[in-house]
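Asks: This is target23.cif, which holds mmCIF, C-alpha atoms:
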```cif
data_run
#
loop_
_atom_site.group_PDB
_atom_site.id
_atom_site.type_symbol
_atom_site.label_atom_id
_atom_site.label_comp_id
_atom_site.auth_asym_id
_atom_site.auth_seq_id
_atom_site.Cartn_x
_atom_site.Cartn_y
_atom_site.Cartn_z
ATOM 1 C CA MET A 1 104.796 162.418 32.583
ATOM 2 C CA GLY A 2 106.231 159.154 31.237
ATOM 3 C CA LEU A 3 104.556 156.366 29.336
ATOM 4 C CA VAL A 4 102.199 154.167 31.356
ATOM 5 C CA THR A 5 103.814 151.040 29.902
ATOM 6 C CA LYS A 6 106.738 149.969 27.736
ATOM 7 C CA LYS A 7 104.783 146.981 26.462
ATOM 8 C CA LYS A 8 104.121 146.615 22.744
ATOM 9 C CA ILE A 9 100.501 147.588 22.174
ATOM 10 C CA GLY A 10 98.351 145.928 19.556
ATOM 11 C CA VAL A 11 95.396 148.033 18.395
ATOM 12 C CA LEU A 12 92.784 145.509 17.284
ATOM 13 C CA MET A 13 90.492 146.843 14.576
ATOM 14 C CA GLY A 14 88.386 145.895 11.573
ATOM 15 C CA GLY A 15 87.131 142.437 12.403
ATOM 16 C CA LEU A 16 84.297 140.396 10.971
ATOM 17 C CA SER A 17 81.156 142.241 12.063
ATOM 18 C CA SER A 18 78.780 144.550 10.218
ATOM 19 C CA GLU A 19 80.552 147.424 12.020
ATOM 20 C CA ARG A 20 83.906 146.719 10.367
ATOM 21 C CA GLU A 21 84.277 150.129 8.690
ATOM 22 C CA VAL A 22 83.496 151.996 11.888
ATOM 23 C CA SER A 23 86.018 149.834 13.726
ATOM 24 C CA LEU A 24 88.735 150.592 11.172
ATOM 25 C CA ALA A 25 88.142 154.300 11.739
ATOM 26 C CA SER A 26 88.324 153.854 15.533
ATOM 27 C CA GLY A 27 91.441 151.725 15.343
ATOM 28 C CA THR A 28 93.255 154.099 13.012
ATOM 29 C CA ALA A 29 92.611 157.034 15.346
ATOM 30 C CA ILE A 30 93.682 155.060 18.425
ATOM 31 C CA LEU A 31 96.890 153.864 16.751
ATOM 32 C CA LYS A 32 97.829 157.406 15.725
ATOM 33 C CA ALA A 33 97.233 158.644 19.287
ATOM 34 C CA PHE A 34 99.610 156.020 20.683
ATOM 35 C CA GLN A 35 102.252 156.679 18.061
ATOM 36 C CA ASP A 36 102.043 160.428 18.612
ATOM 37 C CA LYS A 37 102.680 159.864 22.321
ATOM 38 C CA GLY A 38 105.693 157.682 21.624
ATOM 39 C CA TYR A 39 104.310 154.239 22.425
ATOM 40 C CA SER A 40 105.379 151.068 20.637
ATOM 41 C CA ALA A 41 102.094 150.257 18.906
ATOM 42 C CA VAL A 42 100.951 148.275 15.890
ATOM 43 C CA GLY A 43 97.586 148.042 14.168
ATOM 44 C CA ILE A 44 96.071 144.601 13.563
ATOM 45 C CA ASP A 45 93.156 144.098 11.171
ATOM 46 C CA VAL A 46 91.612 141.146 12.979
ATOM 47 C CA ASN A 47 90.511 138.051 11.077
ATOM 48 C CA ARG A 48 89.778 134.454 12.092
ATOM 49 C CA ASP A 49 93.489 133.897 12.742
ATOM 50 C CA ALA A 50 93.497 136.627 15.389
ATOM 51 C CA ALA A 51 95.523 134.681 17.941
ATOM 52 C CA GLU A 52 98.262 133.976 15.403
ATOM 53 C CA GLN A 53 98.199 137.597 14.177
ATOM 54 C CA ILE A 54 98.646 138.853 17.730
ATOM 55 C CA ARG A 55 101.377 136.328 18.533
ATOM 56 C CA LYS A 56 103.363 137.098 15.384
ATOM 57 C CA ALA A 57 103.145 140.855 16.047
ATOM 58 C CA GLY A 58 104.601 140.391 19.533
ATOM 59 C CA VAL A 59 101.667 142.135 21.191
ATOM 60 C CA GLU A 60 101.949 142.452 24.979
ATOM 61 C CA ALA A 61 98.853 144.587 25.629
ATOM 62 C CA ALA A 62 95.756 144.989 23.471
ATOM 63 C CA PHE A 63 93.624 148.045 22.873
ATOM 64 C CA ILE A 64 90.367 146.686 21.478
ATOM 65 C CA GLY A 65 89.085 149.004 18.757
ATOM 66 C CA LEU A 66 86.631 146.382 17.486
ATOM 67 C CA HIS A 67 82.868 146.868 17.408
ATOM 68 C CA GLY A 68 80.046 144.350 17.141
ATOM 69 C CA THR A 69 80.223 140.553 16.909
ATOM 70 C CA TYR A 70 83.531 138.932 17.969
ATOM 71 C CA GLY A 71 84.690 142.302 19.307
ATOM 72 C CA GLU A 72 82.177 143.489 21.891
ATOM 73 C CA ASP A 73 80.574 140.158 22.763
ATOM 74 C CA GLY A 74 83.302 138.618 24.916
ATOM 75 C CA ALA A 75 84.849 136.426 22.204
ATOM 76 C CA ILE A 76 88.069 138.367 21.663
ATOM 77 C CA GLN A 77 88.249 139.085 25.396
ATOM 78 C CA GLY A 78 88.244 135.361 26.191
ATOM 79 C CA MET A 79 90.961 134.686 23.632
ATOM 80 C CA LEU A 80 93.156 137.433 25.071
ATOM 81 C CA GLU A 81 92.703 136.102 28.600
ATOM 82 C CA VAL A 82 93.785 132.629 27.483
ATOM 83 C CA MET A 83 96.832 134.240 25.847
ATOM 84 C CA GLY A 84 97.630 136.166 29.041
ATOM 85 C CA ILE A 85 97.399 139.553 27.318
ATOM 86 C CA PRO A 86 95.804 142.488 29.164
ATOM 87 C CA TYR A 87 93.165 144.334 27.157
ATOM 88 C CA THR A 88 91.088 147.486 27.322
ATOM 89 C CA GLY A 89 87.422 147.636 28.201
ATOM 90 C CA SER A 90 85.169 145.211 30.015
ATOM 91 C CA GLY A 91 85.695 141.518 30.688
ATOM 92 C CA ILE A 92 84.058 138.504 29.075
ATOM 93 C CA LEU A 93 80.762 138.467 30.980
ATOM 94 C CA ALA A 94 80.138 142.226 30.979
ATOM 95 C CA SER A 95 80.943 142.363 27.260
ATOM 96 C CA ALA A 96 78.533 139.521 26.474
ATOM 97 C CA MET A 97 75.790 141.071 28.606
ATOM 98 C CA GLY A 98 76.233 144.490 27.036
ATOM 99 C CA MET A 99 76.059 143.035 23.528
ATOM 100 C CA ASN A 100 72.827 141.171 24.248
ATOM 101 C CA LYS A 101 70.103 143.798 24.576
ATOM 102 C CA ILE A 102 67.674 141.341 26.163
ATOM 103 C CA VAL A 103 70.062 140.323 28.936
ATOM 104 C CA SER A 104 71.160 143.904 29.538
ATOM 105 C CA LYS A 105 67.556 145.119 29.870
ATOM 106 C CA LEU A 106 66.921 142.481 32.527
ATOM 107 C CA ALA A 107 70.036 143.611 34.389
ATOM 108 C CA PHE A 108 68.985 147.263 34.185
ATOM 109 C CA LYS A 109 65.507 146.499 35.526
ATOM 110 C CA SER A 110 66.914 144.408 38.372
ATOM 111 C CA HIS A 111 68.999 147.429 39.419
ATOM 112 C CA GLY A 112 66.014 149.765 39.450
ATOM 113 C CA LEU A 113 66.802 151.609 36.209
ATOM 114 C CA LEU A 114 64.043 152.833 33.944
ATOM 115 C CA VAL A 115 63.494 150.617 30.885
ATOM 116 C CA GLY A 116 60.725 151.261 28.361
ATOM 117 C CA PRO A 117 58.103 148.638 27.387
ATOM 118 C CA TYR A 118 59.472 145.944 25.072
ATOM 119 C CA ALA A 119 58.867 142.437 23.761
ATOM 120 C CA VAL A 120 61.325 139.737 22.737
ATOM 121 C CA VAL A 121 60.346 138.113 19.450
ATOM 122 C CA SER A 122 61.844 134.833 18.265
ATOM 123 C CA GLU A 123 59.077 133.967 15.794
ATOM 124 C CA ARG A 124 57.692 136.326 13.167
ATOM 125 C CA GLU A 125 54.086 135.573 14.107
ATOM 126 C CA ARG A 126 54.641 137.051 17.558
ATOM 127 C CA ALA A 127 55.552 140.466 16.139
ATOM 128 C CA LYS A 128 51.981 141.516 15.299
ATOM 129 C CA ALA A 129 50.725 140.523 18.737
ATOM 130 C CA ALA A 130 53.521 142.491 20.414
ATOM 131 C CA ALA A 131 52.778 145.518 18.261
ATOM 132 C CA ALA A 132 49.073 145.347 19.046
ATOM 133 C CA GLU A 133 49.842 145.124 22.738
ATOM 134 C CA MET A 134 52.171 148.144 22.835
ATOM 135 C CA GLY A 135 50.774 150.304 20.033
ATOM 136 C CA PHE A 136 52.637 152.337 17.439
ATOM 137 C CA PRO A 137 55.155 153.906 16.999
ATOM 138 C CA LEU A 138 57.621 151.115 17.706
ATOM 139 C CA VAL A 139 61.327 150.484 17.331
ATOM 140 C CA VAL A 140 62.333 147.116 15.867
ATOM 141 C CA LYS A 141 65.951 145.990 16.290
ATOM 142 C CA PRO A 142 68.184 142.902 16.375
ATOM 143 C CA CYS A 143 69.142 141.648 19.806
ATOM 144 C CA SER A 144 72.899 141.779 19.304
ATOM 145 C CA GLU A 145 73.919 144.432 16.799
ATOM 146 C CA GLY A 146 75.316 147.925 17.327
ATOM 147 C CA SER A 147 75.526 151.224 15.435
ATOM 148 C CA SER A 148 71.753 151.022 14.762
ATOM 149 C CA VAL A 149 72.368 148.261 12.216
ATOM 150 C CA GLY A 150 69.047 146.604 11.319
ATOM 151 C CA VAL A 151 67.009 149.108 13.366
ATOM 152 C CA SER A 152 63.693 150.541 12.114
ATOM 153 C CA LEU A 153 61.202 153.060 13.467
ATOM 154 C CA VAL A 154 57.728 151.777 12.614
ATOM 155 C CA HIS A 155 54.600 153.951 12.599
ATOM 156 C CA LYS A 156 51.984 151.621 11.158
ATOM 157 C CA ASN A 157 51.154 147.965 10.766
ATOM 158 C CA ASP A 158 51.976 147.866 7.031
ATOM 159 C CA ASP A 159 55.608 148.690 7.789
ATOM 160 C CA LEU A 160 55.994 146.183 10.615
ATOM 161 C CA GLY A 161 56.654 143.126 8.426
ATOM 162 C CA PRO A 162 59.604 144.608 6.482
ATOM 163 C CA ALA A 163 61.139 145.952 9.718
ATOM 164 C CA VAL A 164 60.861 142.549 11.373
ATOM 165 C CA GLU A 165 62.403 140.813 8.342
ATOM 166 C CA LEU A 166 65.294 143.288 8.329
ATOM 167 C CA ALA A 167 66.011 142.709 12.021
ATOM 168 C CA PHE A 168 65.843 138.921 11.590
ATOM 169 C CA THR A 169 68.545 139.062 8.902
ATOM 170 C CA TYR A 170 70.962 140.067 11.671
ATOM 171 C CA ASP A 171 69.777 137.952 14.595
ATOM 172 C CA CYS A 172 67.501 135.065 15.528
ATOM 173 C CA ASP A 173 66.018 137.101 18.379
ATOM 174 C CA ILE A 174 64.728 140.626 17.904
ATOM 175 C CA LEU A 175 63.353 143.347 20.150
ATOM 176 C CA ILE A 176 60.216 145.346 19.604
ATOM 177 C CA GLU A 177 60.257 148.413 21.815
ATOM 178 C CA LYS A 178 57.695 151.100 22.457
ATOM 179 C CA TYR A 179 59.056 154.304 20.928
ATOM 180 C CA ILE A 180 59.649 156.914 23.626
ATOM 181 C CA LYS A 181 59.583 160.455 22.351
ATOM 182 C CA GLY A 182 62.274 162.535 23.962
ATOM 183 C CA LYS A 183 65.873 163.701 23.864
ATOM 184 C CA GLU A 184 68.711 161.371 22.832
ATOM 185 C CA VAL A 185 71.323 161.743 25.582
ATOM 186 C CA GLN A 186 74.471 159.693 25.989
ATOM 187 C CA VAL A 187 76.665 159.442 29.075
ATOM 188 C CA GLY A 188 80.411 158.807 28.909
ATOM 189 C CA ILE A 189 81.976 156.634 31.610
ATOM 190 C CA LEU A 190 85.706 156.568 32.340
ATOM 191 C CA GLY A 191 86.983 154.415 35.177
ATOM 192 C CA ASP A 192 84.260 154.618 37.786
ATOM 193 C CA ARG A 193 83.180 158.160 36.923
ATOM 194 C CA ALA A 194 80.467 159.613 34.728
ATOM 195 C CA LEU A 195 82.306 162.265 32.707
ATOM 196 C CA GLY A 196 79.269 164.041 31.307
ATOM 197 C CA ALA A 197 76.213 163.767 29.093
ATOM 198 C CA ILE A 198 75.897 164.836 25.464
ATOM 199 C CA GLU A 199 72.654 165.494 23.591
ATOM 200 C CA ILE A 200 72.212 164.265 20.019
ATOM 201 C CA VAL A 201 69.727 165.838 17.623
ATOM 202 C CA PRO A 202 69.602 163.669 14.476
ATOM 203 C CA LYS A 203 68.512 165.100 11.141
ATOM 204 C CA GLU A 204 66.991 161.714 10.330
ATOM 205 C CA GLU A 205 63.781 160.504 11.965
ATOM 206 C CA PHE A 206 65.852 158.824 14.674
ATOM 207 C CA TYR A 207 69.534 158.345 15.499
ATOM 208 C CA ASN A 208 70.187 155.718 12.818
ATOM 209 C CA TYR A 209 73.410 154.592 11.130
ATOM 210 C CA LYS A 210 73.349 157.497 8.665
ATOM 211 C CA ALA A 211 72.797 160.059 11.428
ATOM 212 C CA LYS A 212 75.643 158.537 13.438
ATOM 213 C CA TYR A 213 78.319 158.358 10.784
ATOM 214 C CA GLU A 214 77.614 160.801 7.968
ATOM 215 C CA LYS A 215 79.028 164.253 8.558
ATOM 216 C CA GLY A 216 76.384 166.887 9.220
ATOM 217 C CA MET A 217 73.558 164.406 9.828
ATOM 218 C CA SER A 218 73.250 165.181 13.539
ATOM 219 C CA ASP A 219 73.889 168.075 15.893
ATOM 220 C CA HIS A 220 75.654 167.547 19.208
ATOM 221 C CA PHE A 221 75.216 169.632 22.358
ATOM 222 C CA PHE A 222 77.562 169.301 25.316
ATOM 223 C CA PRO A 223 76.554 169.463 28.014
ATOM 224 C CA ALA A 224 73.090 168.133 27.190
ATOM 225 C CA ARG A 225 70.395 170.825 27.240
ATOM 226 C CA ILE A 226 68.410 169.456 30.147
ATOM 227 C CA PRO A 227 67.713 170.789 33.658
ATOM 228 C CA LYS A 228 70.517 170.390 36.188
ATOM 229 C CA ASP A 229 68.625 167.890 38.314
ATOM 230 C CA VAL A 230 67.764 165.769 35.253
ATOM 231 C CA TYR A 231 71.385 166.003 34.081
ATOM 232 C CA GLN A 232 72.678 164.693 37.406
ATOM 233 C CA ARG A 233 70.018 161.988 37.509
ATOM 234 C CA THR A 234 71.088 160.868 34.044
ATOM 235 C CA LEU A 235 74.768 160.786 35.018
ATOM 236 C CA ASN A 236 73.878 158.684 38.059
ATOM 237 C CA ALA A 237 71.785 156.333 35.928
ATOM 238 C CA GLY A 238 74.613 156.015 33.412
ATOM 239 C CA LEU A 239 77.083 154.951 36.077
ATOM 240 C CA ALA A 240 74.492 152.596 37.577
ATOM 241 C CA ALA A 241 73.918 150.948 34.169
ATOM 242 C CA HIS A 242 77.687 150.569 33.659
ATOM 243 C CA ARG A 243 77.976 148.914 37.067
ATOM 244 C CA ALA A 244 74.845 146.766 36.566
ATOM 245 C CA LEU A 245 76.631 144.889 33.773
ATOM 246 C CA GLY A 246 79.923 144.756 35.659
ATOM 247 C CA CYS A 247 81.692 146.950 33.107
ATOM 248 C CA THR A 248 85.234 148.200 33.637
ATOM 249 C CA GLY A 249 87.472 150.781 32.018
ATOM 250 C CA TYR A 250 85.075 152.833 29.963
ATOM 251 C CA SER A 251 81.713 152.766 28.227
ATOM 252 C CA ARG A 252 78.999 154.948 26.754
ATOM 253 C CA VAL A 253 75.429 154.641 28.013
ATOM 254 C CA ASP A 254 72.521 155.665 25.776
ATOM 255 C CA PHE A 255 69.311 157.206 27.085
ATOM 256 C CA ILE A 256 66.031 158.702 25.965
ATOM 257 C CA ILE A 257 64.860 161.419 28.328
ATOM 258 C CA ASP A 258 61.107 161.811 28.072
ATOM 259 C CA GLY A 259 59.073 164.993 28.413
ATOM 260 C CA THR A 260 58.852 164.640 32.190
ATOM 261 C CA GLY A 261 62.640 164.352 32.616
ATOM 262 C CA ARG A 262 62.786 160.595 33.171
ATOM 263 C CA PRO A 263 65.972 158.926 31.777
ATOM 264 C CA PHE A 264 65.135 155.603 30.097
ATOM 265 C CA VAL A 265 68.263 153.532 29.542
ATOM 266 C CA LEU A 266 68.566 151.978 26.080
ATOM 267 C CA GLU A 267 71.926 150.205 26.178
ATOM 268 C CA VAL A 268 75.532 150.253 27.319
ATOM 269 C CA ASN A 269 78.182 150.359 24.606
ATOM 270 C CA THR A 270 81.116 148.530 26.175
ATOM 271 C CA LEU A 271 83.430 149.470 23.272
ATOM 272 C CA PRO A 272 82.086 152.806 22.001
ATOM 273 C CA GLY A 273 83.359 154.526 18.881
ATOM 274 C CA MET A 274 86.830 155.967 19.339
ATOM 275 C CA THR A 275 87.509 158.305 16.466
ATOM 276 C CA ALA A 276 88.505 161.812 17.486
ATOM 277 C CA THR A 277 84.933 162.948 16.676
ATOM 278 C CA SER A 278 83.061 160.045 18.317
ATOM 279 C CA LEU A 279 80.751 160.760 21.230
ATOM 280 C CA LEU A 280 82.861 159.502 24.144
ATOM 281 C CA PRO A 281 85.925 161.465 22.965
ATOM 282 C CA GLU A 282 83.678 164.480 22.425
ATOM 283 C CA ILE A 283 82.415 164.219 25.997
ATOM 284 C CA ALA A 284 85.984 163.800 27.269
ATOM 285 C CA LYS A 285 87.104 166.848 25.296
ATOM 286 C CA GLY A 286 84.257 168.798 26.874
ATOM 287 C CA VAL A 287 85.713 168.137 30.344
ATOM 288 C CA GLY A 288 89.301 168.873 29.306
ATOM 289 C CA ILE A 289 90.604 165.429 28.295
ATOM 290 C CA SER A 290 92.264 165.339 24.876
ATOM 291 C CA PHE A 291 91.831 162.339 22.586
ATOM 292 C CA PRO A 292 95.421 161.065 23.034
ATOM 293 C CA ASP A 293 95.108 161.473 26.822
ATOM 294 C CA LEU A 294 91.777 159.598 26.782
ATOM 295 C CA VAL A 295 93.327 156.703 24.853
ATOM 296 C CA GLU A 296 96.263 156.594 27.264
ATOM 297 C CA GLU A 297 93.994 156.664 30.326
ATOM 298 C CA ILE A 298 91.889 153.793 28.964
ATOM 299 C CA LEU A 299 95.094 151.774 28.542
ATOM 300 C CA ARG A 300 96.264 152.678 32.053
ATOM 301 C CA LEU A 301 92.938 151.571 33.518
ATOM 302 C CA ALA A 302 93.184 148.280 31.647
ATOM 303 C CA LEU A 303 96.650 147.568 32.976
ATOM 304 C CA VAL A 304 95.637 148.392 36.550
ATOM 305 C CA GLU A 305 92.191 146.752 36.594
ATOM 306 C CA GLN A 306 92.972 143.630 34.602
ATOM 307 C CA ALA A 307 96.443 142.723 35.842
ATOM 308 C CA ASP A 308 94.969 140.269 38.366
ATOM 309 C CA ARG A 309 92.582 138.802 35.773
ATOM 310 C CA VAL A 310 95.265 137.762 33.296
ATOM 311 C CA GLY A 311 98.130 137.421 35.762
ATOM 312 C CA VAL A 312 100.537 139.924 34.269
ATOM 313 C CA GLN A 313 102.525 142.893 35.444
ATOM 314 C CA ARG A 314 102.324 146.448 34.112
#
```
Take the structure in the file and write it out as structure tokens.

Replies:
Amino acid sequence: MGLVTKKKIGVLMGGLSSEREVSLASGTAILKAFQDKGYSAVGIDVNRDAAEQIRKAGVEAAFIGLHGTYGEDGAIQGMLEVMGIPYTGSGILASAMGMNKIVSKLAFKSHGLLVGPYAVVSERERAKAAAAEMGFPLVVKPCSEGSSVGVSLVHKNDDLGPAVELAFTYDCDILIEKYIKGKEVQVGILGDRALGAIEIVPKEEFYNYKAKYEKGMSDHFFPARIPKDVYQRTLNAGLAAHRALGCTGYSRVDFIIDGTGRPFVLEVNTLPGMTATSLLPEIAKGVGISFPDLVEEILRLALVEQADRVGVQR
């Protein structure tokens, strides 16, 4: 089978967010996959002169390996559309909605998906009232960060203040969520298909940054160890969450499945980690899709789905 495009591909990585190091790892793996398959590809460590970097490199199609602010929030997507360059992943609006946990929760609820109790806190004084209303344990997190940056699991009132202060260092709006005890299960979406669901068992108290990125700090089980009917229900919910935000191309949807088998959607990652050992590639591998083939298929989907949006040909 031949290459899906002869265009010069720019793999955008690094960036300006708190997830820079993770993005560099994703971008490096993506670039190697393209080069191994014989594509004309170049890596770009994105800074505030991104448009000039991309122009100078002669990029004709972009694979976005960025994570977090300016990568997943619609900013880089808007710039690429203005430049007339097709790009991987979701469009401007879906990216912005996925990045904002408050907006995405409202979208999930409006589409009939299960969302746990939560409160939006813009002022520190509101945090205690929200905690009293929901009861401990609670999860405190920034509204618009990924990779569990700034997230705390809080068991008692004395620990609430520091958790709130930590979350506010990353965002002016934070979420306080009722902690739901259950299995961490994540669904991989490719095109308009739920590939499968993987179960994560962190060796930390919850699936935090350390559990996500330090080797040996979590165990993965594919397929997730849940009953068949719950598994299918979770796949369906994952695809429904992806569609609720208007996502395209690919995503990873995170769930907590409680003791009664109910899948509570946490968030949609519109640009999930893309190292060879990240969760979406691990799910893809579990259904027979190699990492290089996954990267190529994501590019193909971008060229097909976004050609009309940016007015270009494959």

Asks: Calculated over only C-alpha atoms, which of the candidates A:Ala51, A:Val265, A:Val115, A:Leu303 has the smallest distance to A:Met79?

Replies: A:Ala51

Asks: Fewer than 3 positions away in the same chain doesn't count, so skip those; otherwise give me all residues within 7 Å of A:Gly14, counting all atoms listed in the file, as a ChimeraX atom specification.

Replies: /A:20-21,23-24,45-46,66

Asks: Next, dump the selected residues to file, keeping only C-alpha atoms, as a tab-separated table (two decimals), in the frame of the given file.

Replies:
```tsv
chain	number	residue	atom	x	y	z
A	20	ARG	CA	83.91	146.72	10.37
A	21	GLU	CA	84.28	150.13	8.69
A	23	SER	CA	86.02	149.83	13.73
A	24	LEU	CA	88.74	150.59	11.17
A	45	ASP	CA	93.16	144.10	11.17
A	46	VAL	CA	91.61	141.15	12.98
A	66	LEU	CA	86.63	146.38	17.49
```

Asks: Which polymer residues have any atom within 10 Å of an atom of A:Ala119, counting only C-alpha atoms, with same-chain residues fewer than 2 positions away left out, as a list in words?

Replies: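 Result of the neighbour search: Ile102, Pro117, Val121, Ser122, Arg126, Ala127, Ala129, Ala130, Ala131, Glu133, Met134, Val140, Ile174, Leu175, Ile176, Glu177 and Lys178 of chain A.
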
Asks: Taking all atoms listed in the file into account, which of A:Leu235, A:Ala29, A:Ile256, A:Val82 comes nearest A:Ala276?

Replies: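 Closest to A:Ala276 of all the choices is A:Ala29.
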
Asks: Might you spell out which residues the PyMOL selection byres ((chain A and resi 89) around 6) would select in the displayed file, as a ChimeraX atom specification?

Replies: /A:88,90,248-250

Asks: Run the PyMOL selection byres ((chain A and resi 238) around 10) against the file shown and list the residues it catches, as a PyMOL selection string.

Replies: chain A and resi 113+186-189+193-197+232-237+239-244+251-255+263+265+267-268

Asks: Going by the chain IDs and residue numbers used in this file, which residues fall under the PyMOL selection byres ((chain A and resi 201) around 8)? Write them as a ChimeraX atom specification.

Replies: /A:183-184,199-200,202-203,207,218-220

Asks: Mind giving me the straight-line distance from atom CA of A:Leu160 to atom CA of A:Thr69 in Å, one decimal?

Replies: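 Result for atom CA of A:Leu160 versus atom CA of A:Thr69: 25.7 Å, one decimal.
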
Asks: Which residue gives the smallest distance to A:Leu190 among A:Ala62, A:Ala302, A:Leu114, A:Ala163, with only C-alpha atoms counted?

Replies: A:Ala302

Asks: Determine, counting only C-alpha atoms, which protein, DNA and RNA residues have an atom within 10 Å of an atom of A:Val4; residues of the same chain fewer than 2 positions away are not included. Present the result as a list in words.

Replies: Met1, Gly2, Lys6, Lys7, Tyr39, Glu296, Glu297, Leu299, Arg300, Leu301, Leu303 and Arg314 of chain A
